[in-house]
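Structure file coords18.pdb with PDB, C-alpha atoms:
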```
ATOM      1  CA  VAL A  29       0.000   0.000   0.000
ATOM      2  CA  ARG A  30       1.670   3.194  -1.187
ATOM      3  CA  ASP A  31      -1.121   5.750  -0.804
ATOM      4  CA  TYR A  32      -1.319   5.318   2.954
ATOM      5  CA  ALA A  33       1.270   5.281   5.683
ATOM      6  CA  ILE A  34       0.397   2.191   7.715
ATOM      7  CA  PHE A  35       2.495   1.224  10.699
ATOM      8  CA  ALA A  36       2.294  -0.185  14.196
ATOM      9  CA  LEU A  37       3.206   1.497  17.463
ATOM     10  CA  ASP A  38       3.998  -0.095  20.784
ATOM     11  CA  PRO A  39       1.830   0.946  23.787
ATOM     12  CA  GLU A  40       4.145   3.926  24.478
ATOM     13  CA  GLY A  41       3.952   5.217  20.885
ATOM     14  CA  HIS A  42       7.259   3.948  19.477
ATOM     15  CA  VAL A  43       7.246   2.828  15.848
ATOM     16  CA  ARG A  44       7.343  -0.975  15.483
ATOM     17  CA  THR A  45       6.622  -1.475  11.744
ATOM     18  CA  TRP A  46       6.946   0.715   8.663
ATOM     19  CA  ASN A  47       5.410   0.364   5.180
ATOM     20  CA  PRO A  48       6.470   1.881   1.799
ATOM     21  CA  GLY A  49       3.643   4.445   2.002
ATOM     22  CA  ALA A  50       4.984   5.644   5.353
ATOM     23  CA  GLN A  51       8.477   5.909   3.918
ATOM     24  CA  ARG A  52       7.164   7.843   0.889
ATOM     25  CA  PHE A  53       5.027  10.280   2.961
ATOM     26  CA  LYS A  54       7.344  10.840   5.858
ATOM     27  CA  GLY A  55      10.789  10.339   4.340
ATOM     28  CA  TYR A  56      12.204   7.949   6.935
ATOM     29  CA  SER A  57      13.606   4.532   6.065
ATOM     30  CA  PRO A  58      12.569   1.680   8.398
ATOM     31  CA  ASP A  59      16.060   1.658   9.978
ATOM     32  CA  GLU A  60      15.811   5.387  10.763
ATOM     33  CA  ILE A  61      12.374   5.354  12.394
ATOM     34  CA  ILE A  62      11.656   1.966  13.978
ATOM     35  CA  GLY A  63      12.049   2.343  17.732
ATOM     36  CA  LYS A  64      11.561   6.151  17.660
ATOM     37  CA  SER A  65       8.543   7.921  19.130
ATOM     38  CA  PHE A  66       5.787   8.668  16.628
ATOM     39  CA  SER A  67       5.651  12.215  18.044
ATOM     40  CA  VAL A  68       8.450  13.147  15.580
ATOM     41  CA  PHE A  69       5.670  13.370  12.945
ATOM     42  CA  TYR A  70       3.886  16.142  14.837
ATOM     43  CA  THR A  71       4.504  19.878  14.765
ATOM     44  CA  PRO A  72       6.317  21.470  17.713
ATOM     45  CA  GLU A  73       3.036  23.208  18.607
ATOM     46  CA  ASP A  74       1.151  19.890  18.749
ATOM     47  CA  ILE A  75       3.940  18.293  20.788
ATOM     48  CA  ALA A  76       3.857  21.210  23.258
ATOM     49  CA  ARG A  77       0.064  20.742  23.602
ATOM     50  CA  GLY A  78       0.531  17.009  24.177
ATOM     51  CA  ARG A  79      -1.486  16.118  21.094
ATOM     52  CA  PRO A  80       0.344  12.852  20.194
ATOM     53  CA  GLN A  81      -0.139  11.427  23.682
ATOM     54  CA  GLU A  82      -3.730  12.669  23.793
ATOM     55  CA  LEU A  83      -4.517  10.722  20.602
ATOM     56  CA  LEU A  84      -2.950   7.544  22.013
ATOM     57  CA  SER A  85      -4.892   7.960  25.253
ATOM     58  CA  THR A  86      -8.156   8.421  23.344
ATOM     59  CA  ALA A  87      -7.467   5.363  21.169
ATOM     60  CA  ALA A  88      -6.609   3.266  24.256
ATOM     61  CA  ARG A  89      -9.759   4.439  26.060
ATOM     62  CA  VAL A  90     -12.367   4.275  23.241
ATOM     63  CA  GLY A  91     -10.671   2.002  20.714
ATOM     64  CA  ARG A  92      -9.747   4.595  18.118
ATOM     65  CA  ALA A  93      -8.809   8.217  17.587
ATOM     66  CA  GLU A  94      -9.163  10.250  14.408
ATOM     67  CA  ASP A  95      -7.378  13.486  13.663
ATOM     68  CA  GLU A  96      -6.673  15.822  10.798
ATOM     69  CA  GLY A  97      -3.862  18.342  10.833
ATOM     70  CA  TRP A  98      -0.322  19.229   9.921
ATOM     71  CA  ARG A  99       2.338  16.538  10.152
ATOM     72  CA  VAL A 100       6.089  16.855   9.715
ATOM     73  CA  ARG A 101       8.319  14.927   7.309
ATOM     74  CA  LYS A 102      11.921  13.973   7.985
ATOM     75  CA  ASP A 103      13.096  16.989   5.954
ATOM     76  CA  GLY A 104      10.981  19.318   8.147
ATOM     77  CA  SER A 105       8.363  20.049   5.485
ATOM     78  CA  ARG A 106       4.729  19.803   6.485
ATOM     79  CA  PHE A 107       1.805  17.992   4.950
ATOM     80  CA  TRP A 108      -1.902  17.930   5.811
ATOM     81  CA  ALA A 109      -2.831  14.479   7.073
ATOM     82  CA  SER A 110      -5.856  12.460   8.021
ATOM     83  CA  VAL A 111      -4.897  10.053  10.805
ATOM     84  CA  LEU A 112      -6.624   7.051  12.311
ATOM     85  CA  ILE A 113      -5.107   5.390  15.376
ATOM     86  CA  THR A 114      -6.649   2.091  16.468
ATOM     87  CA  ALA A 115      -5.880   0.335  19.736
ATOM     88  CA  LEU A 116      -4.578  -3.244  19.331
ATOM     89  CA  ARG A 117      -5.464  -5.667  22.121
ATOM     90  CA  ASN A 118      -4.570  -9.296  22.789
ATOM     91  CA  ASP A 119      -7.056 -12.062  23.592
ATOM     92  CA  ASN A 120      -7.091 -10.974  27.238
ATOM     93  CA  GLY A 121      -8.038  -7.406  26.246
ATOM     94  CA  SER A 122      -4.661  -5.976  27.250
ATOM     95  CA  LEU A 123      -3.316  -3.134  25.116
ATOM     96  CA  VAL A 124      -0.394  -4.392  22.990
ATOM     97  CA  GLY A 125       0.003  -1.340  20.766
ATOM     98  CA  PHE A 126      -1.659   0.731  18.082
ATOM     99  CA  ALA A 127      -2.168   0.628  14.341
ATOM    100  CA  LYS A 128      -1.738   4.018  12.729
ATOM    101  CA  ILE A 129      -2.973   4.901   9.246
ATOM    102  CA  THR A 130      -2.041   8.253   7.747
ATOM    103  CA  ARG A 131      -3.294   9.683   4.477
ATOM    104  CA  ASP A 132      -1.724  12.729   2.843
ATOM    105  CA  LEU A 133      -4.532  15.212   2.147
ATOM    106  CA  THR A 134      -2.335  18.170   1.212
ATOM    107  CA  GLU A 135      -3.661  18.366  -2.348
ATOM    108  CA  ARG A 136      -7.270  18.040  -1.204
ATOM    109  CA  ARG A 137      -6.751  20.757   1.389
ATOM    110  CA  ALA A 138      -5.080  23.022  -1.192
ATOM    111  CA  SER A 139      -8.009  22.417  -3.539
ATOM    112  CA  GLU A 140     -10.477  23.262  -0.767
ATOM    113  CA  GLU A 141      -8.507  26.429   0.025
ATOM    114  CA  ARG A 142      -8.575  27.403  -3.674
ATOM    115  CA  SER A 143     -12.336  26.745  -3.754
ATOM    116  CA  ARG A 144     -12.871  28.864  -0.623
ATOM    117  CA  ARG A 145     -10.718  31.644  -2.062
ATOM    118  CA  LEU A 146     -12.592  31.477  -5.390
ATOM    119  CA  ALA A 147     -15.957  31.552  -3.586
ATOM    120  CA  ALA A 148     -14.806  34.587  -1.575
ATOM    121  CA  GLU A 149     -13.615  36.315  -4.749
ATOM    122  CA  GLU A 150     -16.921  35.532  -6.471
ATOM    123  CA  ALA A 151     -18.851  36.878  -3.482
ATOM    124  CA  ALA A 152     -16.721  40.032  -3.490
ATOM    125  CA  HIS A 153     -17.276  40.402  -7.240
ATOM    126  CA  ALA A 154     -21.048  39.938  -6.805
ATOM    127  CA  ALA A 155     -21.080  42.523  -4.004
ATOM    128  CA  SER A 156     -19.031  44.886  -6.154
ATOM    129  CA  ALA A 157     -21.388  44.388  -9.120
ATOM    130  CA  ALA A 158     -24.420  45.007  -6.882
ATOM    131  CA  LYS A 159     -22.789  48.182  -5.532
ATOM    132  CA  ALA A 160     -21.989  49.281  -9.106
ATOM    133  CA  ARG A 161     -25.662  48.761 -10.110
ATOM    134  CA  GLU A 162     -26.758  50.713  -7.024
ATOM    135  CA  LEU A 163     -24.387  53.547  -7.940
ATOM    136  CA  GLU A 164     -25.607  53.520 -11.557
ATOM    137  CA  LEU A 165     -29.227  53.896 -10.338
ATOM    138  CA  LEU A 166     -28.209  56.672  -7.990
ATOM    139  CA  ASN A 167     -26.304  58.379 -10.818
ATOM    140  CA  ALA A 168     -29.340  58.109 -13.130
ATOM    141  CA  ARG A 169     -31.573  59.650 -10.410
ATOM    142  CA  LEU A 170     -29.059  62.443  -9.883
ATOM    143  CA  GLN A 171     -28.943  63.120 -13.634
ATOM    144  CA  ASP A 172     -32.767  63.218 -13.746
ATOM    145  CA  GLN A 173     -32.773  65.644 -10.810
ATOM    146  CA  ALA A 174     -30.101  67.749 -12.519
ATOM    147  CA  VAL A 175     -32.247  67.966 -15.688
ATOM    148  CA  GLU A 176     -35.280  68.885 -13.578
ATOM    149  CA  LEU A 177     -33.260  71.462 -11.659
ATOM    150  CA  GLU A 178     -31.982  72.941 -14.915
ATOM    151  CA  ALA A 179     -35.571  73.220 -16.220
ATOM    152  CA  GLN A 180     -36.656  74.882 -12.975
ATOM    153  CA  THR A 181     -33.690  77.263 -13.184
ATOM    154  CA  GLU A 182     -34.665  78.222 -16.767
ATOM    155  CA  GLU A 183     -38.277  78.728 -15.652
ATOM    156  CA  ALA A 184     -37.108  80.847 -12.699
ATOM    157  CA  GLN A 185     -34.954  82.975 -15.043
ATOM    158  CA  SER A 186     -37.891  83.376 -17.407
ATOM    159  CA  LEU A 187     -40.130  84.441 -14.509
ATOM    160  CA  ALA A 188     -37.441  86.832 -13.285
ATOM    161  CA  GLU A 189     -37.290  88.406 -16.757
ATOM    162  CA  GLU A 190     -41.096  88.728 -16.837
ATOM    163  CA  VAL A 191     -41.067  90.327 -13.380
ATOM    164  CA  GLU A 192     -38.320  92.706 -14.496
ATOM    165  CA  GLN A 193     -40.270  93.674 -17.623
ATOM    166  CA  ALA A 194     -43.445  94.159 -15.594
ATOM    167  CA  ASN A 195     -41.480  96.274 -13.098
ATOM    168  CA  GLU A 196     -40.085  98.416 -15.937
ATOM    169  CA  GLN A 197     -43.571  98.883 -17.400
ATOM    170  CA  LEU A 198     -44.911  99.813 -13.985
ATOM    171  CA  GLN A 199     -42.188 102.374 -13.461
ATOM    172  CA  THR A 200     -42.776 103.813 -16.904
ATOM    173  CA  THR A 201     -46.500 104.085 -16.195
ATOM    174  CA  LEU A 202     -45.895 105.756 -12.832
ATOM    175  CA  ILE A 203     -43.494 108.279 -14.291
ATOM    176  CA  GLU A 204     -45.905 109.328 -17.012
TER
END
```
Take the structure from the file and write it as structure tokens.
Amino acid sequence: VRDYAIFALDPEGHVRTWNPGAQRFKGYSPDEIIGKSFSVFYTPEDIARGRPQELLSTAARVGRAEDEGWRVRKDGSRFWASVLITALRNDNGSLVGFAKITRDLTERRASEERSRRLAAEEAAHAASAAKARELELLNARLQDQAVELEAQTEEAQSLAEEVEQANEQLQTTLIE
């Protein structure tokens, strides 16, 4: 199986077996990793929070633990992983270790991030287009009001001229 890292851990979380998928994902050869704590696959932040041990404790208590998050390769690079840890018990029910299956979901996560980013850009574009339509309507109303105001101004000037002419006629009549 090359698409999944599948390996066994002892009850304390030390690697006991290693498959080609694990070597491909994580970069360690079997000789380099068998006997080491599986916590080397976790980020320093997760180690500080006790996340590796928490997952083992959950698996031991309820039979399995699932997790999704960043994991660390031998070269220090990170990949987004889906992890399933299953408790392994003997016939007496005593914990003898754990099976751990890891799947690299980096591409899926990147695709989801691109989809989220595209959806956000589309939403921003839609909001921008709606705002542009709103501004166009407002502009059209303002232009209509400007035309109306111009007509009223012309009418007011015409009335002012009529009043001025009437005033001149009245003064001429009073003087005579």
Exercise for review: Could you give me, as a list in words, the residues within 6 Å of A:Ile113, counting only C-alpha atoms and dropping anything in the same chain fewer than 4 positions from it?
Suggested key: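 Surrounding residues, per the criterion: Arg92, Ala93, Ala127 and Lys128 of chain A.
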**Study point:** Nearest-residue call for A:Glu82, choices A:Ala184, A:Asn47, A:Glu40, A:Glu190, using only C-alpha atoms
**Key:**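 Looking at the shortest contact to A:Glu82, the residue is A:Glu40.
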Review point. Which residues come within 10 Å of A:Asp95, counting all atoms listed in the file, excluding same-chain residues fewer than 2 positions away, as a list in words?
Key: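 That gives Arg79, Leu83, Ala93, Gly97, Trp98, Ala109, Ser110, Val111, Leu112, Ile113 and Thr130 of chain A.
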Practice item. Give me, please, the distance in Å between atom CA of A:Pro39 and atom CA of A:Asn120, quoted to one decimal. Key: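 Atom-to-atom, atom CA of A:Pro39 to atom CA of A:Asn120, that is 15.3 Å.
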Check your understanding: At what distance in Å, to one decimal, does atom CA of A:Ile34 lie from atom CA of A:Ile62?
Key ->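 Those two atoms sit 12.9 Å apart.
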Review point. Any idea what the distance is between atom CA of A:Arg99 and atom CA of A:Ser122?
Key: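 Interatomic distance, atom CA of A:Arg99 to atom CA of A:Ser122: 29.1 Å.
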**Study point:** Nearest to A:Thr86, chosen from A:Val124, A:Ala115, A:Leu165, A:Ala188, with only C-alpha atoms counted in the distances
**Key:**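 Selected residue with least distance to A:Thr86: A:Ala115.
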Exercise for review: Excluding A:Ala36 and residues on its chain fewer than 3 positions from it, collect all residues at most 9 Å away from it, counting only C-alpha atoms, and give them as a VMD selection string.
Suggested key: chain A and resid 41 to 46 125 to 129
Exercise for review: Taking the point (0.6, 7.7, 2.4) as given in the file, collect each protein or nucleic acid residue that comes within 9 Å of it, counting all atoms listed in the file, and present the set as a count of residues only.
Suggested key: 18
Review point. What residues come out when you apply the PyMOL selection byres ((chain A and resi 106) around 10) to this file, written as a list in words?
Key: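 Taken over the shown coordinates, the PyMOL selection byres ((chain A and resi 106) around 10) returns Lys54, Phe69, Tyr70, Thr71, Gly97, Trp98, Arg99, Val100, Arg101, Lys102, Asp103, Gly104, Ser105, Phe107, Trp108, Ala109 and Thr134 of chain A.
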**Study point:** Closest of A:Glu96, A:Glu176, A:Glu204, A:Glu150 to A:Leu133 - atom-to-atom distances counting all atoms listed in the file
**Key:**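 Counting all atoms listed in the file, the residue closest to A:Leu133 is A:Glu96.
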